[in-house]
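J.: Starting off with a structure, shown below.
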Amino acid sequence: MSNYRPPLTWSTCYNDAMKYFLVLVLICELAGSALALFSVKIPDLAAGDRSAYETRLKESGRLAGSSERDVQKARYADRDYFVVKTTGRAELDNGDKLTSLTTAYYLINPDGSVNVYSHEGASKKNGQPFTYVKITFDWPGRVAGLLFKNLEKKQTKTKTIELTENTVYASDLPPYLQAIVRNNRPAGKFKLIIPTGDTYNMTYQAEAQENNAIRVDLKPDLGIFSGLIPTITFWFQAEAPHQFIRYEGPQSGPFSPIVVEKRIK
C-alpha cells in the first residue's frame, strides 16, 4: 500500500466511486469474515453461519443500511475454501440508494487457519450498475492483483499491490482488529487497501472500556493533519474470542452523519 498523499482533509482523498463504494464496504460489510493476513484463525468463520446487521444514524436512530452474510464451504482443485456472500443496502443523507453483492473466498489450511484468496463485489446506485471490484491475493508472491471498474463513468483501473503481514483489505477490517485485541496489541500501524486500489497507512489504538468491551480507534497516519480526520471506532467483547459488538463513524466523509452498526441476528 502506498503512503498517503498530503491532503488537508479526508474528503480530498475521495473520488465519487471511492466515496460510495467505501460506504458499502465499511457500513454494509462490516461483518466481513476473515482478514487479509496470511494463516490466521478466525473462530466465528464456520460453514452454515448466517448473520444480519443494521446501520442506523446515531442522532436520529433512522435506519441507514443493512446487510446479510452467509458462510458456506466448497472444494476446488482439491483445496477447501470458505465462501462468504454478503448482500448490503444503504441510503446516504443525499438520498442515493446503494446495493451490493460481494463474494469472498478463504483458503482453509490443514491447521484450520485461513488465507484470504479473493474478494469480488458489484454495486448499484439508485438501481443502476455503479462499481465492480475483484482483488486476488498471492501470498507466496506477496502481491495482490486488483481490478476496479467505475461502471457509471466507464472507467477501469488495474493495480498490483505489494503485501505485508499487516496489509488489510477494507472488507476485512473487523476480524483484523479482532485479532489485534486477541493478541493484546494496544497500538500500532497497518496498511489499508480500499476497493479502488488506493492504499493508506493507518494507526490504531485499543483500550478496555468499563462496559466489558475493548474499543479500537482508527485514523489515517497523516502526521500533523491526522487531527482533521474523523475517527472510526470499533468495539469488541472483552472476553475471548472478542466478538464484534458495533462500529461507529462517519457515513461517507468528514462532515457526513455519524452511523452505528450492530449485529441483529
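Chain identifiers are assigned as A, B, and so on, following the order in which chains appear in the C-alpha cells; residues are numbered from 1 within each chain, and ligands are numbered from 1 in order of appearance.
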Write out as a CSV table (one decimal) with C-alpha atoms, in the first residue's frame the residues lying within 7 Å of range 201-205 of chain A, counting only C-alpha atoms and excluding same-chain residues fewer than 3 positions away.
T.:
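Final file, part13.csv:
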chain,number,residue,atom,x,y,z
A,3,ASN,CA,1.7,6.2,1.6
A,4,TYR,CA,-1.0,8.9,2.0
A,186,PRO,CA,-2.7,-1.8,22.3
A,187,ALA,CA,-1.4,0.4,19.5
A,188,GLY,CA,0.2,0.0,16.1
A,189,LYS,CA,0.1,0.6,12.3
A,190,PHE,CA,-1.2,-1.2,9.3
A,191,LYS,CA,-1.7,-0.7,5.6
A,192,LEU,CA,-5.3,-0.5,4.3
A,216,VAL,CA,-10.3,0.3,18.9
A,217,ASP,CA,-9.9,3.7,17.3
A,218,LEU,CA,-8.6,4.0,13.7
A,219,LYS,CA,-7.1,7.0,11.9
A,220,PRO,CA,-5.1,7.5,8.8
A,221,ASP,CA,-1.4,8.4,9.5
J.: Hey, what's within 10 Å of range 146-156 of chain A if we count only C-alpha atoms and toss same-chain stuff fewer than 6 positions away? As an mmCIF file with N, CA, C and O atoms, in the first residue's frame, please?
T.:
data_model
loop_
_atom_site.group_PDB
_atom_site.id
_atom_site.type_symbol
_atom_site.label_atom_id
_atom_site.label_comp_id
_atom_site.auth_asym_id
_atom_site.auth_seq_id
_atom_site.Cartn_x
_atom_site.Cartn_y
_atom_site.Cartn_z
ATOM 1 N N ASP A 16 -15.650 10.071 -6.567
ATOM 2 C CA ASP A 16 -17.033 9.636 -6.362
ATOM 3 C C ASP A 16 -17.127 8.145 -6.121
ATOM 4 O O ASP A 16 -17.826 7.688 -5.216
ATOM 5 N N ALA A 17 -16.441 7.345 -6.917
ATOM 6 C CA ALA A 17 -16.561 5.898 -6.776
ATOM 7 C C ALA A 17 -16.004 5.433 -5.438
ATOM 8 O O ALA A 17 -16.587 4.581 -4.778
ATOM 9 N N MET A 18 -14.863 5.989 -5.029
ATOM 10 C CA MET A 18 -14.284 5.593 -3.760
ATOM 11 C C MET A 18 -15.232 5.916 -2.624
ATOM 12 O O MET A 18 -15.462 5.103 -1.731
ATOM 13 N N PHE A 21 -18.333 3.519 -2.745
ATOM 14 C CA PHE A 21 -18.011 2.113 -2.552
ATOM 15 C C PHE A 21 -17.441 1.875 -1.167
ATOM 16 O O PHE A 21 -17.666 0.835 -0.559
ATOM 17 N N SER A 118 -9.651 -14.225 -2.316
ATOM 18 C CA SER A 118 -10.175 -13.197 -3.214
ATOM 19 C C SER A 118 -11.438 -12.565 -2.653
ATOM 20 O O SER A 118 -12.128 -13.156 -1.811
ATOM 21 N N HIS A 119 -11.722 -11.363 -3.116
ATOM 22 C CA HIS A 119 -12.992 -10.673 -2.907
ATOM 23 C C HIS A 119 -13.490 -10.206 -4.268
ATOM 24 O O HIS A 119 -12.713 -9.656 -5.066
ATOM 25 N N GLU A 120 -14.774 -10.401 -4.536
ATOM 26 C CA GLU A 120 -15.370 -9.909 -5.778
ATOM 27 C C GLU A 120 -16.707 -9.271 -5.439
ATOM 28 O O GLU A 120 -17.550 -9.894 -4.782
ATOM 29 N N GLY A 121 -16.899 -8.025 -5.852
ATOM 30 C CA GLY A 121 -18.125 -7.332 -5.488
ATOM 31 C C GLY A 121 -18.635 -6.415 -6.575
ATOM 32 O O GLY A 121 -17.857 -5.836 -7.342
ATOM 33 N N ALA A 122 -19.954 -6.295 -6.646
ATOM 34 C CA ALA A 122 -20.601 -5.375 -7.584
ATOM 35 C C ALA A 122 -21.615 -4.552 -6.808
ATOM 36 O O ALA A 122 -22.255 -5.040 -5.871
ATOM 37 N N SER A 123 -21.757 -3.297 -7.195
ATOM 38 C CA SER A 123 -22.707 -2.424 -6.524
ATOM 39 C C SER A 123 -23.563 -1.683 -7.544
ATOM 40 O O SER A 123 -23.193 -1.532 -8.715
ATOM 41 N N LYS A 124 -24.718 -1.245 -7.061
ATOM 42 C CA LYS A 124 -25.613 -0.412 -7.857
ATOM 43 C C LYS A 124 -25.950 0.842 -7.071
ATOM 44 O O LYS A 124 -26.037 0.805 -5.834
ATOM 45 N N LYS A 125 -26.123 1.938 -7.793
ATOM 46 C CA LYS A 125 -26.563 3.188 -7.176
ATOM 47 C C LYS A 125 -27.882 3.583 -7.807
ATOM 48 O O LYS A 125 -27.975 3.742 -9.019
ATOM 49 N N GLN A 128 -28.915 1.406 -10.766
ATOM 50 C CA GLN A 128 -28.063 1.348 -11.944
ATOM 51 C C GLN A 128 -26.673 0.818 -11.592
ATOM 52 O O GLN A 128 -26.149 1.129 -10.517
ATOM 53 N N PRO A 129 -26.067 -0.006 -12.475
ATOM 54 C CA PRO A 129 -24.715 -0.513 -12.192
ATOM 55 C C PRO A 129 -23.760 0.615 -11.852
ATOM 56 O O PRO A 129 -23.718 1.637 -12.551
ATOM 57 N N PHE A 130 -23.010 0.437 -10.778
ATOM 58 C CA PHE A 130 -22.162 1.525 -10.298
ATOM 59 C C PHE A 130 -20.689 1.146 -10.252
ATOM 60 O O PHE A 130 -19.858 1.790 -10.878
ATOM 61 N N THR A 131 -20.348 0.091 -9.505
ATOM 62 C CA THR A 131 -18.943 -0.296 -9.407
ATOM 63 C C THR A 131 -18.809 -1.812 -9.442
ATOM 64 O O THR A 131 -19.734 -2.556 -9.111
ATOM 65 N N TYR A 132 -17.616 -2.251 -9.842
ATOM 66 C CA TYR A 132 -17.240 -3.664 -9.783
ATOM 67 C C TYR A 132 -15.794 -3.722 -9.321
ATOM 68 O O TYR A 132 -14.951 -2.925 -9.765
ATOM 69 N N VAL A 133 -15.493 -4.669 -8.421
ATOM 70 C CA VAL A 133 -14.120 -4.817 -7.941
ATOM 71 C C VAL A 133 -13.813 -6.286 -7.740
ATOM 72 O O VAL A 133 -14.676 -7.070 -7.326
ATOM 73 N N LYS A 134 -12.591 -6.673 -8.090
ATOM 74 C CA LYS A 134 -12.093 -8.002 -7.758
ATOM 75 C C LYS A 134 -10.644 -7.876 -7.346
ATOM 76 O O LYS A 134 -9.837 -7.245 -8.033
ATOM 77 N N ILE A 135 -10.326 -8.470 -6.196
ATOM 78 C CA ILE A 135 -8.952 -8.477 -5.713
ATOM 79 C C ILE A 135 -8.586 -9.918 -5.372
ATOM 80 O O ILE A 135 -9.352 -10.626 -4.719
ATOM 81 N N THR A 136 -7.438 -10.374 -5.874
ATOM 82 C CA THR A 136 -6.953 -11.733 -5.644
ATOM 83 C C THR A 136 -5.593 -11.663 -4.973
ATOM 84 O O THR A 136 -4.717 -10.905 -5.404
ATOM 85 N N PHE A 137 -5.413 -12.468 -3.926
ATOM 86 C CA PHE A 137 -4.200 -12.421 -3.124
ATOM 87 C C PHE A 137 -3.275 -13.587 -3.458
ATOM 88 O O PHE A 137 -3.683 -14.748 -3.435
ATOM 89 N N ILE A 193 -6.059 -1.382 2.150
ATOM 90 C CA ILE A 193 -6.419 -1.333 0.731
ATOM 91 C C ILE A 193 -7.912 -1.077 0.635
ATOM 92 O O ILE A 193 -8.709 -1.773 1.268
ATOM 93 N N PRO A 195 -11.356 -0.530 -2.126
ATOM 94 C CA PRO A 195 -11.717 -1.183 -3.389
ATOM 95 C C PRO A 195 -11.194 -0.515 -4.655
ATOM 96 O O PRO A 195 -11.036 -1.194 -5.671
ATOM 97 N N THR A 196 -10.937 0.785 -4.632
ATOM 98 C CA THR A 196 -10.393 1.432 -5.822
ATOM 99 C C THR A 196 -8.928 1.089 -6.053
ATOM 100 O O THR A 196 -8.362 1.455 -7.082
ATOM 101 N N GLY A 197 -8.299 0.411 -5.087
ATOM 102 C CA GLY A 197 -6.884 0.095 -5.195
ATOM 103 C C GLY A 197 -5.994 1.097 -4.495
ATOM 104 O O GLY A 197 -4.786 0.870 -4.362
#
J.: So, with only C-alpha atoms as the atoms that count, which of A:Gln251, A:Gln243, A:Ser66, A:Asn212 lies closest to Tyr176 in chain A?
T.: A:Gln243
J.: Calculate how many Å separate CA of Thr164 in chain A from CA of His242 in chain A, rounding to one decimal.
T.: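 Going from CA of Thr164 in chain A over to CA of His242 in chain A covers 24.2 Å.
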J.: Which polymer residues have any atom within 8 Å of an atom of Arg142 in chain A, counting only C-alpha atoms, with same-chain residues fewer than 2 positions away left out, as a PDB file with C-alpha atoms, in the first residue's frame?
T.:
ATOM      1  CA  PHE A 137      -4.200 -12.421  -3.124  1.00  0.00           C
ATOM      2  CA  ASP A 138      -0.972 -14.254  -3.971  1.00  0.00           C
ATOM      3  CA  TRP A 139       0.535 -14.797  -0.528  1.00  0.00           C
ATOM      4  CA  PRO A 140       3.610 -16.801  -1.628  1.00  0.00           C
ATOM      5  CA  ALA A 144      -2.398  -8.777  -4.741  1.00  0.00           C
ATOM      6  CA  GLU A 162       2.638  -5.384  -2.521  1.00  0.00           C
ATOM      7  CA  LEU A 163       1.534  -7.327   0.560  1.00  0.00           C
ATOM      8  CA  THR A 164       2.984  -7.429   4.037  1.00  0.00           C
TER       9      THR A 164
END
